[in-house]
Amino acid sequence: MDVRSLETELRTLMLAGLDGDALAHRALLTGLSSHLRAYFKRRLARIGRSEADAEDLVQETLMAIHTRRHTYDRTQPLTPWVYAIARYRLIDSLRRTKASVKDVPIDEHVELFVDDDTGAIESGLDLERLLARLPAKTRRTIQLVKLDGLSTHEAAARSGSSPSAVKVTVHRGLRALSLLVKSRNTR
Amino acid sequence: MKTDELVELLSIQVEPVRATHLRRTLWLSLAVGIGVTVCLMLALFGVPAYAFGAADLRIQAVSFLFTLSLVAIGAQLLVTVARPAEPGRKALLLMGLVFLVLLAAGLIALTSSPRAAWHAMLFSPQWSMCLICIPLFALAPFAALIRALRRAAPTHPALTGATAGIVAAASGAAIFSCCIPGSSLPFVTVWYGGVILLCALAGAVISPWLLRW
């Protein structure tokens, strides 16, 4: 698929996701992850870093895209926005590991979508261990909704709180999770 | 963790996002910061007796016009730099223009008065108050803006910090001018314009540490 129709397709998914369409949001993140993987692998290969590092970056970028999706301007194309986030995460990662930031050239943002790579491997992030560091209530709520596949209403009934409280808890939990991922890297 | 698992996790619950969310949070934070500074001003100076009763209302009007236009342009620019993308130049040029106009006005006022009066014009007794109070009054708006910006995604932290510094210092200066208005145009140029620029510099220097995400 050429870069332009990919932009159109992913942007449509992004806009639907911003309106609350969870399926579109999932399709967007899935679609982006293969391009992000190809981009990070290409960049990291030049400085001799492993594929697991690339996968870490894919996941950090997906989290940033998710938790900061309110910074996307709906009137603008999606590719430059995603590219700016991916590049920021890459530079941040290189800085943390004391690699040279000069190794990150400013590319055309379309470069992000020229390749895809669906060869996902496990990242260094252990989901269970990350979840274990969340407050008990948050963890239980996320597990109810995610692992048991309950709807917000069912999870609310099961945990004895309101649907809106469940939503807030899950939202905060995911934000806390992305902070944990970052602190793991700065440790 | 597999990336697919993460994607599942992130798509559990997808809340609708308002198109105006970023703008609203930034401007609301600024309003809160300004509110805190107004309280600080009331605590320090009481209800400003000088306000609008300034010796020269024209100088007071110029101070307001200068600071408030910086706040307006800067607040608009903040919404742009809070997003991960290349910021445009228009707002920066516009802010530069505001400073230039004030500088030109200050210079004209200075050159059209006798050289003997220059020292008194530039160093009227309140200059040290400006130097202390404008940064002091900028603290709360700056902190509120930084807090909001950390939840956004600025990819140019120095520019973002400088903009936050200008907006915070300009709103601080507007509030300060109610208490101790400038006495001449050159005074406003140096002690309002100059101190606001210093705050912008401070914002640019410290923000790369504050605005990591």
# chains A, B, ... in the order shown; residues from 1 in each chain; ligands from 1
call {"tool": "interface_residues", "arguments": {"of": "chain A", "to": "chain B", "cutoff": "8 Å", "atoms": "only C-alpha atoms", "output": "ChimeraX atom specification"}}
result
/A:17-23,25-26,29-30,33,55,58-59,62-63,66,68,70-74,80-81,84-85,88,120-127,145-146,167,170-171,174
call {"tool": "residues_around", "arguments": {"residues": "stretch 125-131 of chain B", "least_positions_apart": "5", "cutoff": "8 Å", "atoms": "only C-alpha atoms", "output": "list in words"}}
result
Phe176, Ile180, Gly182, Phe187, Trp191, Tyr192 and Val195 of chain B
call {"tool": "write_last_selection", "arguments": {"atoms": "N, CA, C and O atoms", "output": "CSV table (one decimal), in the first residue's frame"}}
result
chain,number,residue,atom,x,y,z
B,176,PHE,N,1.1,43.2,37.9
B,176,PHE,CA,2.0,44.1,38.7
B,176,PHE,C,1.8,45.5,38.3
B,176,PHE,O,1.8,46.4,39.2
B,180,ILE,N,2.1,49.0,40.8
B,180,ILE,CA,3.1,50.0,40.6
B,180,ILE,C,3.3,50.3,39.1
B,180,ILE,O,4.1,49.6,38.5
B,182,GLY,N,4.4,51.8,35.5
B,182,GLY,CA,5.6,52.4,35.0
B,182,GLY,C,5.4,53.9,34.9
B,182,GLY,O,4.2,54.4,34.8
B,187,PHE,N,11.0,53.4,30.7
B,187,PHE,CA,11.0,52.5,31.9
B,187,PHE,C,10.2,51.2,31.6
B,187,PHE,O,10.7,50.1,31.9
B,191,TRP,N,12.2,47.8,32.0
B,191,TRP,CA,11.8,47.0,33.2
B,191,TRP,C,10.6,46.1,33.0
B,191,TRP,O,10.5,45.1,33.8
B,192,TYR,N,9.8,46.3,32.0
B,192,TYR,CA,8.8,45.3,31.7
B,192,TYR,C,9.3,44.4,30.6
B,192,TYR,O,9.4,43.2,30.8
B,195,VAL,N,12.5,42.4,31.6
B,195,VAL,CA,12.3,41.4,32.6
B,195,VAL,C,11.5,40.2,32.0
B,195,VAL,O,11.8,39.1,32.3
call {"tool": "select_by_dssp", "arguments": {"residues": "stretch 41-205 of chain B", "states": "helix (DSSP H, G or I)", "output": "PyMOL selection string"}}
result
chain B and resi 41-45+57-81+90-111+115-122+127-150+157-179+185-205
call {"tool": "residues_around", "arguments": {"residues": "B:Gly161", "least_positions_apart": "3", "cutoff": "7 Å", "atoms": "only C-alpha atoms", "output": "count of residues only"}}
result
7
call {"tool": "atom_distance", "arguments": {"atom1": "atom CA of B:Ala144", "atom2": "atom CA of B:Ser69"}}
result
19.9 Å
call {"tool": "residues_around", "arguments": {"residues": "B:Ile175", "least_positions_apart": "3", "cutoff": "8 Å", "atoms": "only C-alpha atoms", "output": "list in words"}}
result
Thr37, Val38, Met41, Phe137, Ser171, Gly172, Cys178 and Cys179 of chain B
call {"tool": "atom_distance", "arguments": {"atom1": "atom CA of A:Arg37", "atom2": "atom CA of B:Pro87"}}
result
26.6 Å
call {"tool": "atom_distance", "arguments": {"atom1": "atom CA of B:Val36", "atom2": "atom CA of B:Ala140"}}
result
6.4 Å
